[in-house]
$ cat entry-v8.cif   # mmCIF, C-alpha atoms; chains and numbers go by the auth columns
data_work
loop_
_atom_site.group_PDB
_atom_site.id
_atom_site.type_symbol
_atom_site.label_atom_id
_atom_site.label_comp_id
_atom_site.label_asym_id
_atom_site.label_seq_id
_atom_site.Cartn_x
_atom_site.Cartn_y
_atom_site.Cartn_z
_atom_site.B_iso_or_equiv
_atom_site.auth_seq_id
_atom_site.auth_asym_id
ATOM 1 C CA MET A 1 0.000 0.000 0.000 0.00 1 U
ATOM 2 C CA GLU A 2 1.457 3.170 -1.024 0.00 2 U
ATOM 3 C CA GLU A 3 0.849 6.261 0.933 0.00 3 U
ATOM 4 C CA LYS A 4 0.476 9.405 -0.914 0.00 4 U
ATOM 5 C CA ILE A 5 2.881 12.028 0.177 0.00 5 U
ATOM 6 C CA LYS A 6 1.139 15.278 0.686 0.00 6 U
ATOM 7 C CA ILE A 7 3.185 18.426 0.415 0.00 7 U
ATOM 8 C CA CYS A 8 1.915 21.420 2.366 0.00 8 U
ATOM 9 C CA PHE A 9 2.969 24.880 3.370 0.00 9 U
ATOM 10 C CA ASP A 10 2.937 25.909 6.984 0.00 10 U
ATOM 11 C CA LYS A 11 2.088 29.311 8.427 0.00 11 U
ATOM 12 C CA GLU A 12 5.610 30.511 7.786 0.00 12 U
ATOM 13 C CA TYR A 13 5.340 29.348 4.197 0.00 13 U
ATOM 14 C CA LYS A 14 7.794 26.529 4.589 0.00 14 U
ATOM 15 C CA ILE A 15 7.318 23.350 2.663 0.00 15 U
ATOM 16 C CA ARG A 16 6.195 20.439 4.820 0.00 16 U
ATOM 17 C CA VAL A 17 5.735 16.808 3.968 0.00 17 U
ATOM 18 C CA MET A 18 3.646 16.263 7.072 0.00 18 U
ATOM 19 C CA ASP A 19 0.079 17.323 7.568 0.00 19 U
ATOM 20 C CA PRO A 20 0.026 20.768 9.262 0.00 20 U
ATOM 21 C CA VAL A 21 -2.189 19.540 12.123 0.00 21 U
ATOM 22 C CA LYS A 22 0.148 16.629 12.816 0.00 22 U
ATOM 23 C CA PHE A 23 3.143 18.944 12.545 0.00 23 U
ATOM 24 C CA GLU A 24 1.641 21.374 15.077 0.00 24 U
ATOM 25 C CA ARG A 25 0.812 18.478 17.368 0.00 25 U
ATOM 26 C CA SER A 26 4.389 17.157 17.057 0.00 26 U
ATOM 27 C CA GLU A 27 5.703 20.659 17.830 0.00 27 U
ATOM 28 C CA GLU A 28 3.446 20.819 20.918 0.00 28 U
ATOM 29 C CA LEU A 29 4.635 17.359 21.897 0.00 29 U
ATOM 30 C CA ASP A 30 8.238 18.501 21.474 0.00 30 U
ATOM 31 C CA VAL A 31 7.579 21.504 23.751 0.00 31 U
ATOM 32 C CA GLU A 32 5.816 19.279 26.295 0.00 32 U
ATOM 33 C CA CYS A 33 8.676 16.770 26.164 0.00 33 U
ATOM 34 C CA SER A 34 11.195 19.544 26.731 0.00 34 U
ATOM 35 C CA ALA A 35 9.184 20.827 29.699 0.00 35 U
ATOM 36 C CA PHE A 36 8.873 17.280 31.029 0.00 36 U
ATOM 37 C CA MET A 37 12.629 16.730 30.650 0.00 37 U
ATOM 38 C CA ASP A 38 13.277 20.003 32.492 0.00 38 U
ATOM 39 C CA LYS A 39 10.967 18.885 35.304 0.00 39 U
ATOM 40 C CA ILE A 40 12.658 15.461 35.420 0.00 40 U
ATOM 41 C CA GLY A 41 16.066 17.178 35.539 0.00 41 U
ATOM 42 C CA SER A 42 14.896 19.417 38.370 0.00 42 U
ATOM 43 C CA PHE A 43 13.400 16.429 40.181 0.00 43 U
ATOM 44 C CA ASN A 44 16.633 14.474 39.707 0.00 44 U
ATOM 45 C CA GLY A 45 18.615 17.408 41.144 0.00 45 U
ATOM 46 C CA LYS A 46 16.331 17.573 44.157 0.00 46 U
ATOM 47 C CA ILE A 47 16.591 13.821 44.672 0.00 47 U
ATOM 48 C CA ASN A 48 20.395 14.035 44.491 0.00 48 U
ATOM 49 C CA ASP A 49 20.336 16.848 47.062 0.00 49 U
ATOM 50 C CA LEU A 50 18.059 14.758 49.292 0.00 50 U
ATOM 51 C CA VAL A 51 20.318 11.708 48.971 0.00 51 U
ATOM 52 C CA GLU A 52 23.319 13.861 49.855 0.00 52 U
ATOM 53 C CA VAL A 53 21.573 15.240 52.949 0.00 53 U
ATOM 54 C CA LEU A 54 20.478 11.741 53.979 0.00 54 U
ATOM 55 C CA GLU A 55 24.015 10.430 53.535 0.00 55 U
ATOM 56 C CA GLN A 56 25.321 13.236 55.753 0.00 56 U
ATOM 57 C CA HIS A 57 22.708 12.344 58.374 0.00 57 U
ATOM 58 C CA ALA A 58 23.669 8.674 58.075 0.00 58 U
ATOM 59 C CA VAL A 59 27.318 9.560 58.682 0.00 59 U
ATOM 60 C CA ARG A 60 26.399 11.642 61.740 0.00 60 U
ATOM 61 C CA ILE A 61 24.124 8.881 63.026 0.00 61 U
ATOM 62 C CA ASP A 62 26.917 6.321 62.606 0.00 62 U
ATOM 63 C CA GLU A 63 29.326 8.616 64.454 0.00 63 U
ATOM 64 C CA GLN A 64 26.841 8.998 67.301 0.00 64 U
ATOM 65 C CA LYS A 65 26.272 5.237 67.392 0.00 65 U
ATOM 66 C CA LEU A 66 30.003 4.627 67.668 0.00 66 U
ATOM 67 C CA ARG A 67 30.252 7.297 70.353 0.00 67 U
ATOM 68 C CA ALA A 68 27.375 5.706 72.275 0.00 68 U
ATOM 69 C CA ILE A 69 28.999 2.277 71.990 0.00 69 U
ATOM 70 C CA GLY A 70 32.268 3.747 73.257 0.00 70 U
ATOM 71 C CA LEU A 71 30.524 5.414 76.187 0.00 71 U
ATOM 72 C CA ARG A 72 28.675 2.201 77.019 0.00 72 U
ATOM 73 C CA MET A 73 31.934 0.254 76.977 0.00 73 U
ATOM 74 C CA THR A 74 33.545 2.925 79.150 0.00 74 U
ATOM 75 C CA CYS A 75 30.670 2.637 81.627 0.00 75 U
ATOM 76 C CA GLU A 76 30.932 -1.156 81.657 0.00 76 U
ATOM 77 C CA ASN A 77 34.689 -0.935 82.150 0.00 77 U
ATOM 78 C CA GLU A 78 34.164 1.590 84.940 0.00 78 U
ATOM 79 C CA ALA A 79 31.770 -0.785 86.698 0.00 79 U
ATOM 80 C CA ASP A 80 34.274 -3.642 86.321 0.00 80 U
ATOM 81 C CA GLN A 81 37.086 -1.446 87.580 0.00 81 U
ATOM 82 C CA ARG A 82 35.017 -0.403 90.586 0.00 82 U
ATOM 83 C CA ASN A 83 34.301 -4.056 91.376 0.00 83 U
ATOM 84 C CA ARG A 84 38.011 -4.889 91.155 0.00 84 U
ATOM 85 C CA GLN A 85 38.842 -1.908 93.355 0.00 85 U
ATOM 86 C CA ARG A 86 36.148 -2.905 95.859 0.00 86 U
ATOM 87 C CA ARG A 87 37.538 -6.455 96.014 0.00 87 U
ATOM 88 C CA ALA A 88 41.083 -5.107 96.463 0.00 88 U
ATOM 89 C CA ILE A 89 39.950 -2.819 99.290 0.00 89 U
ATOM 90 C CA GLN A 90 38.000 -5.691 100.860 0.00 90 U
ATOM 91 C CA ALA A 91 41.143 -7.846 100.681 0.00 91 U
ATOM 92 C CA GLN A 92 43.128 -5.073 102.396 0.00 92 U
ATOM 93 C CA ILE A 93 40.461 -4.817 105.088 0.00 93 U
ATOM 94 C CA ASN A 94 40.609 -8.570 105.660 0.00 94 U
ATOM 95 C CA GLU A 95 44.400 -8.397 105.802 0.00 95 U
ATOM 96 C CA LYS A 96 44.306 -5.561 108.341 0.00 96 U
ATOM 97 C CA ARG A 97 41.723 -7.428 110.435 0.00 97 U
ATOM 98 C CA ALA A 98 43.925 -10.516 110.482 0.00 98 U
ATOM 99 C CA GLU A 99 46.883 -8.340 111.450 0.00 99 U
ATOM 100 C CA LEU A 100 44.781 -6.701 114.183 0.00 100 U
ATOM 101 C CA ASP A 101 43.746 -10.135 115.464 0.00 101 U
ATOM 102 C CA ARG A 102 47.425 -11.191 115.594 0.00 102 U
ATOM 103 C CA TYR A 103 48.361 -8.011 117.445 0.00 103 U
ATOM 104 C CA MET A 104 45.461 -8.475 119.856 0.00 104 U
ATOM 105 C CA ALA A 105 46.530 -12.069 120.531 0.00 105 U
ATOM 106 C CA GLN A 106 50.132 -10.948 120.949 0.00 106 U
ATOM 107 C CA SER A 107 49.023 -8.143 123.277 0.00 107 U
ATOM 108 C CA GLN A 108 46.980 -10.560 125.387 0.00 108 U
ATOM 109 C CA SER A 109 49.919 -12.947 125.504 0.00 109 U
ATOM 110 C CA LEU A 110 52.263 -10.150 126.586 0.00 110 U
ATOM 111 C CA GLN A 111 49.749 -8.997 129.213 0.00 111 U
ATOM 112 C CA ARG A 112 49.606 -12.552 130.649 0.00 112 U
ATOM 113 C CA ILE A 113 53.395 -12.741 130.659 0.00 113 U
ATOM 114 C CA GLU A 114 53.562 -9.345 132.369 0.00 114 U
ATOM 115 C CA ALA A 115 50.984 -10.434 134.929 0.00 115 U
ATOM 116 C CA GLU A 116 52.938 -13.645 135.581 0.00 116 U
ATOM 117 C CA GLN A 117 56.172 -11.708 135.902 0.00 117 U
ATOM 118 C CA ASN A 118 54.534 -9.260 138.301 0.00 118 U
ATOM 119 C CA ILE A 119 53.325 -12.183 140.415 0.00 119 U
ATOM 120 C CA GLN A 120 56.813 -13.672 140.434 0.00 120 U
ATOM 121 C CA LEU A 121 58.317 -10.306 141.397 0.00 121 U
ATOM 122 C CA GLU A 122 55.870 -10.013 144.245 0.00 122 U
ATOM 123 C CA ARG A 123 56.757 -13.502 145.414 0.00 123 U
ATOM 124 C CA LEU A 124 60.440 -12.700 145.239 0.00 124 U
ATOM 125 C CA ASN A 125 59.884 -9.474 147.099 0.00 125 U
ATOM 126 C CA CYS A 126 57.854 -11.292 149.705 0.00 126 U
ATOM 127 C CA THR A 127 60.478 -14.007 150.149 0.00 127 U
ATOM 128 C CA GLN A 128 63.262 -11.445 150.379 0.00 128 U
ATOM 129 C CA ASN A 129 61.358 -9.467 152.957 0.00 129 U
ATOM 130 C CA ASN A 130 60.710 -12.468 155.054 0.00 130 U
#
$ encode --input "entry-v8.cif" --output "structure tokens"
Amino acid sequence: MEEKIKICFDKEYKIRVMDPVKFERSEELDVECSAFMDKIGSFNGKINDLVEVLEQHAVRIDEQKLRAIGLRMTCENEADQRNRQRRAIQAQINEKRAELDRYMAQSQSLQRIEAEQNIQLERLNCTQNN
């Protein structure tokens, strides 16, 4: 089937092979496509800006997460260190109590020896006086 080629003149008196109505519609479509492409370009720019902002927020969030993890570990280490310190102090207290008990026993022993020696001195003094 052969199509007949129709030659027309447009409003500017240019020769056209296409029907003037179709040509005007294609021109309108070209303008609409250009406007659509501009809008898509603008939308793409805004999306890129949004992605950039979200990436910056993600980086800050990750930094804060790492900081929070570090602080939590520091707190846990502090609690462990306090427990170790408490046990060390408790061990020192037990040591000092044992030392005090030894000194008390030694003191009591020395007091008994002193009392015995005083009794013996009194006996000697009594026997010498008699």
$ atom_distance --input "entry-v8.cif" --atom1 "CA of Gly41 in chain U" --atom2 "CA of Val59 in chain U"
26.8 Å
$ axis_aligned_box --input "entry-v8.cif" --around "range 11-23 of chain U" --padding-each-side "8 Å" --output "JSON"
{"center_x": 2.8, "center_y": 23.4, "center_z": 7.7, "size_x": 26.0, "size_y": 30.2, "size_z": 26.2}
$ atom_distance --input "entry-v8.cif" --atom1 "CA of Glu27 in chain U" --atom2 "CA of Asp10 in chain U"
12.4 Å
$ atom_distance --input "entry-v8.cif" --atom1 "CA of Phe9 in chain U" --atom2 "CA of Ala35 in chain U"
27.4 Å
